[in-house]
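**Student:** Below is run-v3.tsv; it holds TSV, C-alpha atoms and all ligand atoms.
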```tsv
chain	number	residue	atom	x	y	z
C	20	MET	CA	-8.17	99.37	117.35
C	21	LEU	CA	-5.12	100.70	119.20
C	22	ARG	CA	-5.17	104.51	119.41
C	23	ILE	CA	-1.67	105.93	119.72
C	24	ALA	CA	-0.09	109.32	120.33
C	25	VAL	CA	3.43	109.75	118.99
C	26	MET	CA	5.70	112.18	120.85
C	27	VAL	CA	8.62	113.72	118.98
C	28	SER	CA	11.26	116.44	119.20
C	29	GLY	CA	13.06	116.45	115.87
C	30	GLY	CA	13.17	115.14	112.35
C	31	GLY	CA	10.66	112.41	112.87
C	32	THR	CA	12.11	109.59	110.78
C	33	ASN	CA	10.80	107.12	113.35
C	34	LEU	CA	7.40	108.80	113.13
C	35	GLN	CA	7.62	108.39	109.35
C	36	ALA	CA	8.34	104.67	109.78
C	37	ILE	CA	5.18	104.40	111.89
C	38	ILE	CA	3.07	106.35	109.37
C	39	ASP	CA	4.42	104.19	106.53
C	40	GLY	CA	3.83	101.03	108.57
C	41	VAL	CA	0.19	101.92	109.15
C	42	LYS	CA	-0.23	102.66	105.42
C	43	ASP	CA	1.50	99.56	104.09
C	44	GLY	CA	0.02	97.13	106.59
C	45	THR	CA	3.21	96.40	108.54
C	46	ILE	CA	1.27	97.85	111.47
C	47	THR	CA	-2.35	96.75	111.66
C	48	ASN	CA	-5.24	97.60	113.97
C	49	THR	CA	-3.67	100.97	114.80
C	50	GLU	CA	-4.74	104.59	114.48
C	51	ILE	CA	-2.38	107.54	115.01
C	52	ALA	CA	-4.56	109.95	117.01
C	53	ALA	CA	-2.00	112.76	117.25
C	54	VAL	CA	1.63	113.77	117.10
C	55	ILE	CA	2.92	115.93	119.96
C	56	SER	CA	6.19	117.84	119.83
C	57	ASN	CA	7.90	119.92	122.49
C	58	ASN	CA	9.59	121.81	119.68
C	59	ALA	CA	7.53	123.97	117.32
C	60	ASP	CA	10.17	123.70	114.58
C	61	ALA	CA	10.36	119.91	114.59
C	62	TYR	CA	10.07	118.58	111.03
C	63	ALA	CA	8.10	115.71	112.53
C	64	LEU	CA	5.14	118.11	112.87
C	65	THR	CA	5.25	118.75	109.11
C	66	ARG	CA	5.29	115.01	108.47
C	67	ALA	CA	2.19	114.64	110.65
C	68	LYS	CA	0.29	117.46	108.91
C	69	GLU	CA	1.23	116.15	105.45
C	70	ASN	CA	-0.39	112.89	106.44
C	71	GLY	CA	-3.55	114.45	107.85
C	72	ILE	CA	-2.62	113.66	111.45
C	73	THR	CA	-3.41	116.12	114.27
C	74	ALA	CA	-0.13	117.83	115.14
C	75	MET	CA	0.42	119.85	118.29
C	76	CYS	CA	3.28	121.58	120.03
C	77	ILE	CA	3.43	121.65	123.83
C	78	SER	CA	6.65	123.39	124.80
C	79	PRO	CA	8.08	123.81	128.30
C	80	LYS	CA	9.03	127.31	127.16
C	81	SER	CA	5.37	128.30	127.10
C	82	TYR	CA	4.87	127.56	130.81
C	83	GLU	CA	6.02	129.29	133.98
C	84	SER	CA	7.38	126.15	135.53
C	85	ARG	CA	8.17	122.54	134.71
C	86	ASP	CA	5.25	121.50	136.93
C	87	ALA	CA	2.86	123.65	134.89
C	88	PHE	CA	4.21	122.12	131.66
C	89	ASN	CA	3.91	118.60	133.08
C	90	ASP	CA	0.29	119.23	134.09
C	91	ALA	CA	-0.58	120.66	130.67
C	92	LEU	CA	1.10	117.79	128.83
C	93	LEU	CA	-0.78	115.19	130.84
C	94	GLU	CA	-4.05	117.05	130.38
C	95	GLU	CA	-3.62	117.20	126.59
C	96	VAL	CA	-2.62	113.55	126.37
C	97	ASN	CA	-5.61	112.53	128.49
C	98	LYS	CA	-7.94	114.40	126.12
C	99	LEU	CA	-6.70	112.26	123.24
C	100	ASN	CA	-8.01	109.12	124.86
C	101	VAL	CA	-5.15	106.95	123.61
C	102	ASP	CA	-4.21	103.39	124.48
C	103	LEU	CA	-0.48	103.80	123.89
C	104	ILE	CA	2.02	106.67	123.91
C	105	VAL	CA	4.98	106.18	121.60
C	106	LEU	CA	8.13	108.19	122.30
C	107	ALA	CA	9.87	108.51	118.93
C	108	GLY	CA	12.88	110.71	119.63
C	109	PHE	CA	11.13	112.70	122.37
C	110	LEU	CA	13.81	114.51	124.35
C	111	VAL	CA	11.75	115.69	127.32
C	112	ARG	CA	11.53	113.66	130.50
C	113	ILE	CA	8.06	112.17	130.89
C	114	PRO	CA	6.32	113.50	134.03
C	115	GLU	CA	6.11	110.96	136.81
C	116	ALA	CA	2.34	111.34	137.05
C	117	MET	CA	2.08	110.36	133.38
C	118	VAL	CA	4.37	107.35	133.85
C	119	HIS	CA	2.14	106.15	136.69
C	120	GLN	CA	-1.13	106.77	134.91
C	121	TYR	CA	0.11	105.11	131.71
C	122	SER	CA	2.05	102.28	133.28
C	123	HIS	CA	3.03	99.78	130.53
C	124	ARG	CA	1.30	102.06	128.03
C	125	ILE	CA	4.32	104.22	127.08
C	126	ILE	CA	7.09	102.86	124.86
C	127	ASN	CA	10.38	104.44	123.81
C	128	ILE	CA	12.99	103.75	121.13
C	129	HIS	CA	16.61	104.09	122.22
C	130	PRO	CA	19.49	103.86	119.72
C	131	SER	CA	21.71	101.39	121.60
C	132	LEU	CA	21.54	97.93	123.10
C	133	ILE	CA	20.35	98.80	126.62
C	134	PRO	CA	21.98	98.67	129.20
C	135	SER	CA	24.88	100.02	127.13
C	136	PHE	CA	25.04	103.73	126.32
C	137	CYS	CA	21.77	104.74	127.93
C	138	GLY	CA	20.52	106.87	130.81
C	139	VAL	CA	21.09	110.54	131.55
C	140	GLY	CA	23.03	112.35	128.82
C	141	TYR	CA	22.80	109.55	126.26
C	142	TYR	CA	20.62	110.86	123.48
C	143	GLY	CA	20.91	111.50	119.75
C	144	LEU	CA	24.42	111.48	118.32
C	145	ARG	CA	25.96	111.29	121.80
C	146	VAL	CA	24.94	107.66	122.02
C	147	HIS	CA	26.83	106.81	118.85
C	148	GLU	CA	29.83	108.95	119.82
C	149	ALA	CA	30.09	106.97	123.06
C	150	ALA	CA	29.78	103.63	121.26
C	151	LEU	CA	32.58	104.58	118.84
C	152	LYS	CA	34.75	105.89	121.68
C	153	LYS	CA	34.38	102.61	123.53
C	154	GLY	CA	35.20	100.69	120.37
C	155	VAL	CA	32.24	98.32	120.49
C	156	LYS	CA	31.90	96.15	117.40
C	157	VAL	CA	28.14	95.75	117.72
C	158	THR	CA	25.53	98.28	118.77
C	159	GLY	CA	21.82	98.46	117.94
C	160	ALA	CA	18.49	99.71	119.17
C	161	THR	CA	16.03	98.88	121.94
C	162	VAL	CA	12.29	99.39	122.31
C	163	HIS	CA	11.22	99.39	125.93
C	164	TYR	CA	8.37	100.37	128.21
C	165	VAL	CA	8.90	103.62	130.07
C	166	ASP	CA	9.09	103.57	133.84
C	167	GLU	CA	10.23	106.20	136.37
C	168	GLY	CA	13.89	105.80	135.45
C	169	MET	CA	15.82	106.85	132.35
C	170	ASP	CA	15.89	103.98	129.83
C	171	THR	CA	15.28	101.46	132.64
C	172	GLY	CA	11.85	100.03	131.74
C	173	GLU	CA	11.08	96.52	130.59
C	174	ILE	CA	12.66	95.66	127.24
C	175	ILE	CA	10.29	94.72	124.39
C	176	PHE	CA	12.60	94.25	121.38
C	177	GLN	CA	16.28	94.68	120.61
C	178	LYS	CA	18.19	94.43	117.35
C	179	ALA	CA	21.96	94.37	116.89
C	180	VAL	CA	23.75	96.45	114.24
C	181	GLU	CA	27.37	96.07	113.16
C	182	VAL	CA	29.83	98.91	113.74
C	183	LYS	CA	32.08	99.28	110.69
C	184	ASP	CA	35.64	100.54	110.34
C	185	GLY	CA	35.63	104.23	109.55
C	186	ASP	CA	32.17	104.86	111.02
C	187	THR	CA	31.42	108.37	112.20
C	188	PRO	CA	28.64	109.07	114.71
C	189	GLN	CA	26.54	110.13	111.73
C	190	THR	CA	27.09	107.01	109.60
C	191	LEU	CA	26.53	104.78	112.61
C	192	GLN	CA	23.36	106.64	113.58
C	193	ARG	CA	22.02	106.21	110.06
C	194	ARG	CA	22.78	102.45	110.00
C	195	VAL	CA	21.16	101.96	113.41
C	196	MET	CA	18.07	103.80	112.20
C	197	GLU	CA	17.81	101.93	108.90
C	198	GLU	CA	18.61	98.45	110.17
C	199	ALA	CA	17.03	98.61	113.60
C	200	GLU	CA	14.96	101.60	114.75
C	201	TRP	CA	12.68	101.95	111.73
C	202	LYS	CA	11.83	98.24	111.95
C	203	LEU	CA	11.68	97.71	115.71
C	204	LEU	CA	9.32	100.54	116.63
C	205	PRO	CA	6.66	99.62	114.05
C	206	ALA	CA	7.04	95.95	115.06
C	207	ALA	CA	6.50	96.77	118.73
C	208	ILE	CA	3.40	98.85	117.99
C	209	ASN	CA	2.01	96.08	115.77
C	210	MET	CA	2.65	93.50	118.47
C	211	ILE	CA	0.83	95.56	121.10
C	212	ALA	CA	-2.02	96.41	118.71
C	213	ASN	CA	-2.69	92.79	118.00
C	214	LYS	CA	-2.89	91.63	121.59
C	215	GLN	CA	-6.30	90.25	122.45
C	216	GLU	CA	-7.40	93.38	124.33
C	217	TYR	CA	-7.12	95.65	121.28
C	218	LYS	CA	-8.65	93.35	118.69
Q	301	LIG	C1	16.46	108.40	117.11
Q	301	LIG	O1	17.77	107.95	116.97
Q	301	LIG	C2	15.88	107.88	118.38
Q	301	LIG	O2	16.28	106.60	118.70
Q	301	LIG	C3	16.46	108.85	119.36
Q	301	LIG	O3	16.37	110.10	118.71
Q	301	LIG	C4	16.41	109.90	117.30
Q	301	LIG	C5	15.19	110.53	116.72
Q	301	LIG	O4	15.21	110.55	115.33
Q	301	LIG	N1	15.85	108.74	120.64
Q	301	LIG	P1	13.91	110.91	114.50
Q	301	LIG	O5	13.37	112.22	115.01
Q	301	LIG	O6	12.92	109.80	114.65
Q	301	LIG	O7	14.39	111.04	113.09
```
Could the structure of this file be written out as structure tokens, please?

**Tutor:**
Amino acid sequence: MLRIAVMVSGGGTNLQAIIDGVKDGTITNTEIAAVISNNADAYALTRAKENGITAMCISPKSYESRDAFNDALLEEVNKLNVDLIVLAGFLVRIPEAMVHQYSHRIINIHPSLIPSFCGVGYYGLRVHEAALKKGVKVTGATVHYVDEGMDTGEIIFQKAVEVKDGDTPQTLQRRVMEEAEWKLLPAAINMIANKQEYK
């Protein structure tokens, strides 16, 4: 059984796709041990609680320094004893010590076809604004392992999504979520969960 922690910052629609996937059997052999948010108001925390999943907030604002926050985050994650950390719209940079300790055990969903529209400053609606500004006809989403860089880790899955005439950042974001993100992230977790070592 693969034990996962899901890290979130906002609405948590990707978290919901994971919860639904575990319930409906799209994701097998997987247990969501906890949901961690850096933001106490994140609706994702409500989604976790409504589904009986341990929900916790670890905010940088509660610590004197970024180092103190990083240490606390790693300590809490270590206590959970998880096999995989899933970043589902988590907007805080993962501490380097955590990246090293959980090498190839942290995955992230990014709402573009990496290496386009990724890296520092490309998050949330900004990604879709940049895609529309550039005039690309196809965008999509990527699930990748997390390394020391920003959106630079090994790619696991990608899915293309059409950009349509008249798209706004909001309509494009929604299509990328529906057609790509909500499918790719559960698929990646299911793939990892069903590797020999977690059977
Ligand atoms: C998603 O678009 C994800 O790819 C990005 O942030 C958004 C989070 O949405 N990194 P949600 O909180 O899962 O609804």

**Student:** Pick out the closest residue to Leu21 of chain C from this set: C:Thr161, C:Asn100, C:Asn209, C:Thr49. Count all atoms listed in the file.

**Tutor:**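 Closest to Leu21 of chain C, using all atoms listed in the file: C:Thr49.
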
**Student:** What's the separation between atom CA of Lys98 of chain C and atom CA of Asp86 of chain C, in Å to one decimal place?

**Tutor:**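 So the answer is 18.5 Å.
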
**Student:** Fewer than 4 positions away in the same chain doesn't count, so skip those; otherwise give me all residues within 8 Å of Ala160 of chain C, counting only C-alpha atoms, as a PyMOL selection string.

**Tutor:** chain C and resi 128-133+177-180+195+199-200+203

**Student:** Near Ser56 of chain C, within 9 Å and counting all atoms listed in the file, which residues show up once chain neighbours fewer than 6 positions away are dropped, as a list in words?

**Tutor:**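 Residues meeting the cut-off are Val25, Met26, Val27, Ser28, Gly29, Ala63, Leu64, Ala74, Met75, Cys76, Ile77, Ser78 and Phe109 of chain C.
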
**Student:** Around (14.3, 97.6, 131.2) in the file's frame, which residues reach within 12 Å when counting only C-alpha atoms? Return as a ChimeraX atom specification?

**Tutor:** /C:123,126-129,132-135,137-138,161-177

**Student:** Identify which of the residues C:Val139, C:Ile104, C:Met196, C:Met117 lies closest to ligand LIG 301 (chain Q), counting all atoms listed in the file when measuring atom-to-atom distances.

**Tutor:**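 Going through C:Val139, C:Ile104, C:Met196, C:Met117 one by one, the smallest distance to ligand LIG 301 (chain Q) is for C:Met196.
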
**Student:** I need the residue nearest ligand LIG 301 (chain Q) from this list: C:Ile113, C:Leu34, C:Ala24, C:Val41. Use only C-alpha atoms and all ligand atoms for the distance.

**Tutor:** C:Leu34

**Student:** Using only C-alpha atoms, find the one residue out of C:Leu110, C:Leu99, C:Ile125, C:Val118 that sits nearest to Ile211 of chain C.

**Tutor:**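 Residue with the minimum atom-to-atom distance to Ile211 of chain C: C:Ile125.
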
**Student:** So which residues fall inside 9 Å of (7.9, 127.2, 121.0) if we count only C-alpha atoms? Mind giving them as JSON, numbers by chain?

**Tutor:** {"C": [57, 58, 59, 60, 76, 77, 78, 79, 80, 81]}

**Student:** For Thr47 of chain C, which residue among C:Ser84, C:Met20, C:Lys156, C:Ala91 is the nearest when counting all atoms listed in the file?

**Tutor:** C:Met20

**Student:** Which residue out of C:Val101, C:Leu191, C:Met210, C:Ala116 has the minimum interatomic distance to Leu151 of chain C when only C-alpha atoms are used?

**Tutor:**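 Using only C-alpha atoms, Leu151 of chain C sits closest to C:Leu191.
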
**Student:** Work out how far apart atom CA of Asp39 of chain C and atom CA of Leu204 of chain C are and give it in Å to one decimal.

**Tutor:**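 Computed distance, atom CA of Asp39 of chain C to atom CA of Leu204 of chain C, equals 11.8 Å.
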
**Student:** Record the distance separating atom CA of Ile37 of chain C and atom CA of Arg85 of chain C, expressed in Å with one decimal.

**Tutor:** 29.3 Å

**Student:** Rebuild N, CA and C atoms on segment 183-200 of chain C, as a PDB file, keeping the file's coordinate frame?

**Tutor:**
```pdb
ATOM      1  N   LYS C 183      31.098  99.536 111.759  1.00  0.00           N
ATOM      2  CA  LYS C 183      32.080  99.280 110.690  1.00  0.00           C
ATOM      3  C   LYS C 183      33.295 100.190 110.832  1.00  0.00           C
ATOM      4  N   ASP C 184      34.424  99.727 110.336  1.00  0.00           N
ATOM      5  CA  ASP C 184      35.640 100.540 110.340  1.00  0.00           C
ATOM      6  C   ASP C 184      35.342 101.858 109.623  1.00  0.00           C
ATOM      7  N   GLY C 185      35.818 102.929 110.193  1.00  0.00           N
ATOM      8  CA  GLY C 185      35.630 104.230 109.550  1.00  0.00           C
ATOM      9  C   GLY C 185      34.296 104.881 109.854  1.00  0.00           C
ATOM     10  N   ASP C 186      33.455 104.235 110.671  1.00  0.00           N
ATOM     11  CA  ASP C 186      32.170 104.860 111.020  1.00  0.00           C
ATOM     12  C   ASP C 186      32.378 106.192 111.732  1.00  0.00           C
ATOM     13  N   THR C 187      31.521 107.132 111.427  1.00  0.00           N
ATOM     14  CA  THR C 187      31.420 108.370 112.200  1.00  0.00           C
ATOM     15  C   THR C 187      30.127 108.261 113.003  1.00  0.00           C
ATOM     16  N   PRO C 188      29.924 109.117 113.995  1.00  0.00           N
ATOM     17  CA  PRO C 188      28.640 109.070 114.710  1.00  0.00           C
ATOM     18  C   PRO C 188      27.465 109.153 113.739  1.00  0.00           C
ATOM     19  N   GLN C 189      27.640 109.942 112.687  1.00  0.00           N
ATOM     20  CA  GLN C 189      26.540 110.130 111.730  1.00  0.00           C
ATOM     21  C   GLN C 189      26.268 108.861 110.908  1.00  0.00           C
ATOM     22  N   THR C 190      27.334 108.216 110.425  1.00  0.00           N
ATOM     23  CA  THR C 190      27.090 107.010 109.600  1.00  0.00           C
ATOM     24  C   THR C 190      26.551 105.886 110.472  1.00  0.00           C
ATOM     25  N   LEU C 191      27.029 105.822 111.712  1.00  0.00           N
ATOM     26  CA  LEU C 191      26.530 104.780 112.610  1.00  0.00           C
ATOM     27  C   LEU C 191      25.067 105.036 112.986  1.00  0.00           C
ATOM     28  N   GLN C 192      24.745 106.295 113.247  1.00  0.00           N
ATOM     29  CA  GLN C 192      23.360 106.640 113.580  1.00  0.00           C
ATOM     30  C   GLN C 192      22.412 106.219 112.444  1.00  0.00           C
ATOM     31  N   ARG C 193      22.858 106.521 111.227  1.00  0.00           N
ATOM     32  CA  ARG C 193      22.020 106.210 110.060  1.00  0.00           C
ATOM     33  C   ARG C 193      21.811 104.689 109.932  1.00  0.00           C
ATOM     34  N   ARG C 194      22.909 103.913 110.123  1.00  0.00           N
ATOM     35  CA  ARG C 194      22.780 102.450 110.000  1.00  0.00           C
ATOM     36  C   ARG C 194      21.876 101.892 111.090  1.00  0.00           C
ATOM     37  N   VAL C 195      22.009 102.433 112.306  1.00  0.00           N
ATOM     38  CA  VAL C 195      21.160 101.960 113.410  1.00  0.00           C
ATOM     39  C   VAL C 195      19.690 102.276 113.124  1.00  0.00           C
ATOM     40  N   MET C 196      19.456 103.451 112.557  1.00  0.00           N
ATOM     41  CA  MET C 196      18.070 103.800 112.200  1.00  0.00           C
ATOM     42  C   MET C 196      17.531 102.847 111.137  1.00  0.00           C
ATOM     43  N   GLU C 197      18.304 102.726 110.044  1.00  0.00           N
ATOM     44  CA  GLU C 197      17.810 101.930 108.900  1.00  0.00           C
ATOM     45  C   GLU C 197      17.627 100.456 109.247  1.00  0.00           C
ATOM     46  N   GLU C 198      18.633  99.903 109.945  1.00  0.00           N
ATOM     47  CA  GLU C 198      18.610  98.450 110.170  1.00  0.00           C
ATOM     48  C   GLU C 198      17.812  98.054 111.410  1.00  0.00           C
ATOM     49  N   ALA C 199      17.684  98.989 112.351  1.00  0.00           N
ATOM     50  CA  ALA C 199      17.030  98.610 113.600  1.00  0.00           C
ATOM     51  C   ALA C 199      15.823  99.488 113.957  1.00  0.00           C
ATOM     52  N   GLU C 200      16.033 100.767 114.185  1.00  0.00           N
ATOM     53  CA  GLU C 200      14.960 101.600 114.750  1.00  0.00           C
ATOM     54  C   GLU C 200      13.683 101.598 113.904  1.00  0.00           C
TER      55      GLU C 200
END
```
